[in-house]
file input-v5.cif (mmCIF, C-alpha atoms)
data_start
#
loop_
_atom_site.label_atom_id
_atom_site.label_comp_id
_atom_site.auth_asym_id
_atom_site.auth_seq_id
_atom_site.Cartn_x
_atom_site.Cartn_y
_atom_site.Cartn_z
CA MET A 16 200.49 74.85 223.16
CA THR A 17 196.88 75.67 224.07
CA THR A 18 195.80 78.70 226.05
CA ILE A 19 194.65 76.46 228.92
CA GLN A 20 198.07 74.82 229.10
CA ILE A 21 199.83 78.18 229.13
CA LEU A 22 197.51 79.44 231.86
CA GLY A 23 198.38 76.34 233.87
CA ILE A 24 202.08 77.10 233.56
CA ASN A 25 201.43 80.68 234.56
CA ALA A 26 199.51 79.52 237.64
CA ILE A 27 202.53 77.53 238.78
CA VAL A 28 204.90 80.43 238.10
CA LEU A 29 202.70 82.89 240.00
CA PHE A 30 202.36 80.44 242.91
CA VAL A 31 206.15 80.31 243.21
CA TYR A 32 206.34 84.09 242.78
CA VAL A 33 203.89 85.03 245.54
CA THR A 34 205.30 82.35 247.85
CA ALA A 35 208.78 83.85 247.45
CA LEU A 36 207.34 87.30 248.21
CA TRP A 37 205.63 85.90 251.29
CA VAL A 38 208.91 84.46 252.57
CA ALA A 39 210.57 87.83 251.95
CA SER A 40 207.77 89.53 253.91
CA LEU A 41 208.37 87.23 256.88
CA ILE A 42 212.05 88.10 256.85
CA SER A 43 211.47 91.85 256.51
CA ARG A 44 208.30 91.86 258.65
CA ASP A 45 206.59 93.93 255.97
CA ALA A 46 203.66 92.44 254.06
CA GLY A 47 203.48 95.62 251.99
CA ILE A 48 206.14 94.15 249.74
CA VAL A 49 203.31 92.49 247.84
CA ASP A 50 202.09 95.88 246.56
CA SER A 51 205.52 96.86 245.25
CA PHE A 52 205.75 93.65 243.26
CA TRP A 53 202.22 93.63 241.85
CA GLY A 54 203.20 95.20 238.52
CA LEU A 55 206.29 93.02 238.21
CA GLY A 56 204.17 89.91 238.72
CA LEU A 57 202.14 90.75 235.64
CA VAL A 58 205.35 91.35 233.71
CA VAL A 59 206.40 87.83 234.73
CA SER A 60 203.08 86.52 233.39
CA ALA A 61 203.59 88.36 230.10
CA VAL A 62 207.05 86.79 229.78
CA VAL A 63 205.57 83.32 230.38
CA PHE A 64 202.96 83.94 227.70
CA PHE A 65 205.59 85.23 225.29
CA ILE A 66 207.75 82.13 225.73
CA PHE A 67 205.01 79.53 225.41
CA SER A 68 202.47 81.13 223.07
CA GLY A 69 202.38 80.61 219.34
CA GLY A 70 200.65 83.75 218.16
CA PHE A 71 201.68 86.41 215.65
CA GLU A 72 205.22 87.43 216.62
CA THR A 73 204.65 91.18 216.28
CA SER A 74 201.59 91.03 218.54
CA LYS A 75 203.52 88.99 221.09
CA ILE A 76 206.35 91.50 221.19
CA LEU A 77 203.92 94.43 221.34
CA VAL A 78 202.03 93.03 224.32
CA LEU A 79 205.22 92.09 226.14
CA VAL A 80 206.70 95.56 225.69
CA LEU A 81 203.52 97.36 226.81
CA VAL A 82 203.13 95.20 229.91
CA ALA A 83 206.83 95.52 230.77
CA VAL A 84 206.80 99.32 230.47
CA TRP A 85 203.64 99.62 232.56
CA GLY A 86 204.51 96.99 235.19
CA LEU A 87 208.12 97.99 235.77
CA ARG A 88 207.22 101.66 236.14
CA LEU A 89 204.44 100.85 238.58
CA SER A 90 206.55 98.53 240.72
CA PHE A 91 209.44 100.98 240.81
CA TYR A 92 207.14 103.84 241.77
CA ILE A 93 205.48 101.96 244.62
CA PHE A 94 208.79 100.52 245.83
CA ARG A 95 210.41 103.96 245.90
CA ARG A 96 207.40 105.45 247.66
CA SER A 97 207.33 102.80 250.38
CA PHE A 98 211.07 102.25 250.82
CA ALA A 99 212.29 102.72 254.42
CA ARG A 100 208.75 103.52 255.56
CA PRO A 101 206.71 101.61 258.16
CA GLU A 102 204.49 98.77 257.00
CA ASP A 103 201.24 99.87 255.36
CA PRO A 104 198.52 100.49 258.00
CA ARG A 105 196.29 97.87 256.35
CA TYR A 106 198.80 95.15 257.09
CA GLN A 107 199.67 96.59 260.49
CA SER A 108 196.02 96.29 261.47
CA MET A 109 195.83 92.74 260.18
CA ARG A 110 199.05 91.86 262.00
CA ALA A 111 197.68 93.24 265.28
CA GLU A 112 194.33 91.50 264.82
CA ARG A 113 195.74 88.09 263.90
CA GLY A 114 198.64 88.11 266.31
CA ALA A 115 200.75 84.95 266.20
CA SER A 116 198.76 83.52 263.30
CA PHE A 117 199.47 86.46 261.00
CA TRP A 118 202.42 84.73 259.36
CA TRP A 119 200.28 82.04 257.74
CA VAL A 120 197.03 84.05 257.46
CA SER A 121 198.89 86.68 255.44
CA TYR A 122 200.00 83.99 253.01
CA PHE A 123 196.44 83.17 251.98
CA GLN A 124 194.63 86.47 252.55
CA VAL A 125 197.31 88.72 251.06
CA PHE A 126 199.82 86.89 248.88
CA VAL A 127 197.84 83.98 247.44
CA LEU A 128 194.85 86.29 246.93
CA GLN A 129 196.92 88.72 244.89
CA GLY A 130 198.39 85.81 242.94
CA VAL A 131 194.89 84.61 242.05
CA ILE A 132 193.90 88.11 240.96
CA MET A 133 197.07 88.40 238.85
CA TRP A 134 196.19 85.10 237.18
CA ILE A 135 192.60 86.16 236.42
CA VAL A 136 193.38 89.59 234.99
CA SER A 137 196.30 88.24 232.96
CA VAL A 138 194.00 86.04 230.87
CA CYS A 139 193.51 88.81 228.32
CA LEU A 140 197.30 89.04 227.97
CA VAL A 141 197.69 85.40 227.00
CA ALA A 142 194.77 85.72 224.59
CA ALA A 143 196.52 88.66 222.94
CA GLN A 144 199.74 86.66 222.53
CA ASN A 145 198.37 83.21 221.75
CA GLY A 146 195.40 84.16 219.61
CA SER A 147 194.53 83.47 216.01
CA ALA A 148 195.05 86.94 214.62
CA ALA A 149 196.05 87.58 211.03
CA GLU A 150 199.74 88.11 210.38
CA ARG A 151 199.40 91.86 210.68
CA LEU A 152 198.28 94.51 213.14
CA THR A 153 194.62 95.49 212.82
CA GLY A 154 192.42 98.40 213.76
CA TRP A 155 191.75 96.69 217.09
CA ASP A 156 195.48 96.65 217.77
CA PHE A 157 195.92 100.32 216.99
CA SER A 158 192.85 101.24 219.05
CA GLY A 159 194.27 99.26 221.96
CA ILE A 160 197.62 101.01 221.64
CA VAL A 161 195.98 104.46 221.64
CA ILE A 162 193.92 103.66 224.75
CA TRP A 163 196.95 102.13 226.47
CA VAL A 164 199.09 105.20 225.76
CA ALA A 165 196.37 107.52 227.08
CA GLY A 166 196.00 105.43 230.21
CA PHE A 167 199.73 105.10 230.80
CA LEU A 168 200.23 108.85 230.48
CA PHE A 169 197.34 109.56 232.83
CA GLU A 170 198.67 107.14 235.44
CA SER A 171 202.35 108.03 235.26
CA VAL A 172 201.90 111.81 234.95
CA SER A 173 199.41 111.97 237.83
CA ASP A 174 201.70 109.83 239.99
CA GLY A 175 204.54 112.23 239.29
CA GLN A 176 202.40 115.26 240.06
CA LEU A 177 201.28 113.78 243.37
CA ALA A 178 204.82 112.77 244.36
CA ARG A 179 206.15 116.27 243.69
CA PHE A 180 203.23 117.81 245.56
CA LYS A 181 203.86 115.70 248.65
CA ARG A 182 207.57 116.47 248.68
CA ASN A 183 206.81 120.15 249.34
CA PRO A 184 206.26 120.67 253.09
CA GLU A 185 204.14 123.73 252.34
CA ASN A 186 201.48 121.42 250.91
CA GLN A 187 200.90 119.65 254.21
CA GLY A 188 197.16 119.62 254.88
CA ARG A 189 196.22 120.52 251.31
CA VAL A 190 194.75 118.65 248.40
CA LEU A 191 196.38 118.50 245.00
CA ASP A 192 193.86 120.09 242.67
CA ARG A 193 196.19 121.09 239.86
CA GLY A 194 197.31 119.25 236.78
CA LEU A 195 195.32 116.09 236.12
CA TRP A 196 194.05 116.15 239.70
CA ARG A 197 191.98 119.20 238.82
CA TYR A 198 189.76 117.13 236.52
CA THR A 199 189.37 113.91 238.49
CA ARG A 200 190.00 112.94 242.10
CA HIS A 201 191.64 109.71 240.97
CA PRO A 202 193.51 110.25 237.68
CA ASN A 203 195.97 107.45 238.42
CA TYR A 204 193.14 104.96 238.84
CA PHE A 205 191.44 106.24 235.69
CA GLY A 206 194.67 105.72 233.79
CA GLU A 207 195.04 102.22 235.21
CA VAL A 208 191.59 101.24 233.98
CA LEU A 209 192.33 102.59 230.50
CA VAL A 210 195.55 100.57 230.37
CA TRP A 211 193.65 97.34 231.00
CA TRP A 212 190.96 98.06 228.45
CA GLY A 213 193.78 98.76 226.01
CA TYR A 214 195.15 95.27 226.71
CA TYR A 215 191.68 93.86 226.13
CA LEU A 216 191.42 95.43 222.68
CA LEU A 217 194.75 93.80 221.81
CA ALA A 218 193.22 90.50 222.90
CA VAL A 219 190.14 91.16 220.74
CA ALA A 220 192.46 91.68 217.77
CA ALA A 221 193.76 88.14 218.36
CA GLY A 222 190.29 86.63 218.72
CA GLY A 223 190.20 86.91 222.51
CA TRP A 224 186.90 88.77 222.83
CA TRP A 225 185.86 86.28 225.54
CA THR A 226 188.47 87.68 227.96
CA PHE A 227 186.31 90.74 228.69
CA PHE A 228 186.13 89.63 232.32
CA SER A 229 189.81 90.54 232.81
CA PRO A 230 189.43 94.33 232.42
CA ILE A 231 186.03 94.18 234.13
CA VAL A 232 187.58 92.54 237.20
CA MET A 233 190.34 95.15 237.22
CA THR A 234 187.84 97.98 236.87
CA VAL A 235 185.65 96.66 239.70
CA LEU A 236 188.66 96.20 241.97
CA ILE A 237 189.80 99.76 241.39
CA LEU A 238 186.36 101.35 241.66
CA ARG A 239 184.77 99.27 244.42
CA VAL A 240 187.36 97.22 246.33
CA SER A 241 190.90 98.48 246.64
CA GLY A 242 190.74 101.97 245.24
CA VAL A 243 188.18 104.70 244.81
CA THR A 244 185.45 103.64 247.25
CA ARG A 245 187.84 102.80 250.08
CA LEU A 246 189.77 106.04 249.69
CA GLU A 247 186.69 108.21 249.42
CA LYS A 248 185.39 106.80 252.71
CA ARG A 249 188.72 107.30 254.45
CA GLN A 250 189.10 110.86 253.22
CA ALA A 251 185.55 111.75 254.25
CA GLN A 252 186.14 110.36 257.74
CA THR A 253 189.52 111.94 258.38
CA LYS A 254 189.42 115.25 256.47
CA PRO A 255 186.19 117.24 256.76
CA ASP A 256 187.33 119.85 254.22
CA TYR A 257 187.75 117.12 251.62
CA GLN A 258 184.05 117.55 250.89
CA ASP A 259 184.83 120.83 249.09
CA TYR A 260 187.04 118.93 246.67
CA VAL A 261 184.38 116.23 246.27
CA GLU A 262 181.71 118.75 245.34
CA SER A 263 183.82 120.43 242.68
CA THR A 264 185.79 117.58 241.08
CA SER A 265 184.73 114.46 239.19
CA VAL A 266 185.31 111.29 241.17
CA PHE A 267 186.74 109.23 238.31
CA VAL A 268 186.13 110.22 234.69
CA PRO A 269 187.99 113.50 233.96
CA TRP A 270 185.71 116.51 233.73
CA ARG A 271 185.99 120.24 234.14
CA SER A 272 186.60 121.38 237.70
CA LYS A 273 184.80 124.04 239.69
CA ARG A 274 187.54 124.12 242.32
CA PRO A 275 189.78 127.23 242.27
CA ARG A 276 192.56 126.21 244.65
CA ALA A 277 194.05 123.56 246.94
CA LEU A 278 192.64 123.21 250.43
CA VAL A 279 193.17 119.76 251.88
CA GLU A 280 195.59 116.90 251.53
CA ASN A 281 194.97 114.08 249.08
CA ASP A 282 196.83 110.99 250.22
CA GLU A 283 195.80 108.45 247.64
CA GLY A 284 196.78 104.89 248.53
CA GLY A 285 196.08 101.58 246.94
CA GLU A 286 196.77 98.05 245.95
CA TYR A 287 195.99 95.68 243.09
CA GLY A 288 198.02 97.76 240.67
CA THR A 289 196.99 101.16 241.89
CA SER A 290 200.03 103.27 242.13
CA GLU A 291 199.41 105.80 244.90
#

call {"tool": "encode", "arguments": {"input": "input-v5.cif", "output": "structure tokens"}}
result
Amino acid sequence: MTTIQILGINAIVLFVYVTALWVASLISRDAGIVDSFWGLGLVVSAVVFFIFSGGFETSKILVLVLVAVWGLRLSFYIFRRSFARPEDPRYQSMRAERGASFWWVSYFQVFVLQGVIMWIVSVCLVAAQNGSAAERLTGWDFSGIVIWVAGFLFESVSDGQLARFKRNPENQGRVLDRGLWRYTRHPNYFGEVLVWWGYYLLAVAAGGWWTFFSPIVMTVLILRVSGVTRLEKRQAQTKPDYQDYVESTSVFVPWRSKRPRALVENDEGGEYGTSE
């Protein structure tokens, strides 16, 4: 089966997937469910690719396992964080603005949109599983694995550090500037980007060099759309002391910190795969 055919099947599967999530959001009156199931949606795509692709079996299994580990952890983390909490303010604002039309507007502007993004960024995953690689793992594969592991550790460890920090009432009004958060203001986003470039190198190993747009789209979304830029603006507007943290800590790429201690709260939030 060709890559185009497999992508067509995946488009149908993702359409059903996001539509089911939309129905669930209408029942629960919480559109934020889409964020919890972002990672799982990409796991579903990886399973589709695994079933229908004809690539090197070891590469197929490798990609499936890496995506499953990453996606399931991310979905579980976001679900646990948002469970029994009010709907995300982003969707509350949209609900108030759209009024009676929110039910169908949310389908296209929230759920279908995320489905389209899932489909686009997953192209490198199908290339990695349905490519024309030799019947062995190559240097590209091992490089991709190393980058993926580094990214996964950055994302998962920083998520854990932030969750523990927020559970302590004494940290109310402070920023987490210890652990990985001492070296970058967004270590979870940095890890997320590394994970996707790791997937891309696995695609390159299978001849999928042309899928470079997948990690680029993910990087742009995290840096300019759903992640870093949006959060930086919100923090600057709501927490004046956040500027101290800004002046002493790298915004994205980890670097040595000039900041000696915690002063203000860091309440990272995100979508499109961002975990906190």

call {"tool": "closest_residue", "arguments": {"input": "input-v5.cif", "among": "A:Thr264, A:Ser241, A:Asn145, A:Ser60", "to": "A:Asn25", "atoms": "only C-alpha atoms"}}
result
A:Ser60

call {"tool": "closest_residue", "arguments": {"input": "input-v5.cif", "among": "A:Val141, A:Leu89, A:Val84, A:Leu22", "to": "A:Trp53", "atoms": "all atoms listed in the file"}}
result
A:Leu89

call {"tool": "resolve_selection", "arguments": {"input": "input-v5.cif", "expression": "the PyMOL selection byres ((chain A and resi 82) around 9)", "output": "ChimeraX atom specification"}}
result
/A:54,57-58,61,77-81,83-87,140,214

call {"tool": "residues_near_point", "arguments": {"input": "input-v5.cif", "point": "(203.9, 92.0, 256.2)", "cutoff": "12 Å", "atoms": "only C-alpha atoms", "output": "PyMOL selection string"}}
result
chain A and resi 36-50+101-111+113+117-122+124-126

call {"tool": "resolve_selection", "arguments": {"input": "input-v5.cif", "expression": "the PyMOL selection byres ((chain A and resi 69) around 10)", "output": "ChimeraX atom specification"}}
result
/A:16-18,64-68,70-72,75,144-147

call {"tool": "atom_distance", "arguments": {"input": "input-v5.cif", "atom1": "atom CA of A:Ser272", "atom2": "atom CA of A:Asp259"}}
result
11.5 Å

call {"tool": "atom_distance", "arguments": {"input": "input-v5.cif", "atom1": "atom CA of A:Gly166", "atom2": "atom CA of A:Phe205"}}
result
7.2 Å

call {"tool": "closest_residue", "arguments": {"input": "input-v5.cif", "among": "A:Pro230, A:Gly242, A:Pro269, A:Gly154", "to": "A:Val208", "atoms": "only C-alpha atoms"}}
result
A:Pro230

call {"tool": "closest_residue", "arguments": {"input": "input-v5.cif", "among": "A:Lys273, A:Arg200, A:Tyr257, A:Ala143", "to": "A:Gly188", "atoms": "all atoms listed in the file"}}
result
A:Tyr257

call {"tool": "atom_distance", "arguments": {"input": "input-v5.cif", "atom1": "atom CA of A:Thr226", "atom2": "atom CA of A:Ala165"}}
result
21.4 Å

call {"tool": "closest_residue", "arguments": {"input": "input-v5.cif", "among": "A:Ser90, A:Ser74, A:Asn183, A:Gln250", "to": "A:Glu150", "atoms": "all atoms listed in the file"}}
result
A:Ser74

call {"tool": "residues_around", "arguments": {"input": "input-v5.cif", "residues": "A:Ile231", "least_positions_apart": "6", "cutoff": "10 Å", "atoms": "all atoms listed in the file", "output": "list in words"}}
result
Val136, Val208, Trp211, Trp212, Tyr215 and Ile237 of chain A

call {"tool": "decode", "arguments": {"input": "input-v5.cif", "residues": "stretch 179-207 of chain A", "atoms": "C-alpha atoms", "output": "CSV table (one decimal), in the first residue's frame"}}
result
chain,number,residue,atom,x,y,z
A,179,ARG,CA,5.2,18.6,42.4
A,180,PHE,CA,6.0,22.3,42.7
A,181,LYS,CA,2.3,23.3,42.2
A,182,ARG,CA,1.1,20.7,44.8
A,183,ASN,CA,3.0,22.6,47.5
A,184,PRO,CA,0.8,25.5,48.8
A,185,GLU,CA,3.9,27.3,49.9
A,186,ASN,CA,4.8,27.8,46.3
A,187,GLN,CA,1.7,29.9,45.5
A,188,GLY,CA,2.8,33.1,43.8
A,189,ARG,CA,6.3,31.8,43.0
A,190,VAL,CA,8.0,30.6,39.8
A,191,LEU,CA,9.7,27.2,39.5
A,192,ASP,CA,13.3,28.0,38.8
A,193,ARG,CA,14.9,24.8,40.0
A,194,GLY,CA,15.6,21.6,38.2
A,195,LEU,CA,15.3,21.9,34.4
A,196,TRP,CA,13.3,25.1,34.9
A,197,ARG,CA,16.4,26.8,36.0
A,198,TYR,CA,17.9,26.5,32.5
A,199,THR,CA,14.9,27.3,30.3
A,200,ARG,CA,11.5,28.8,30.9
A,201,HIS,CA,9.9,26.1,28.8
A,202,PRO,CA,11.7,22.8,29.2
A,203,ASN,CA,8.6,20.8,28.5
A,204,TYR,CA,8.2,22.5,25.1
A,205,PHE,CA,11.9,22.1,24.4
A,206,GLY,CA,11.6,18.4,25.0
A,207,GLU,CA,8.5,18.2,22.8
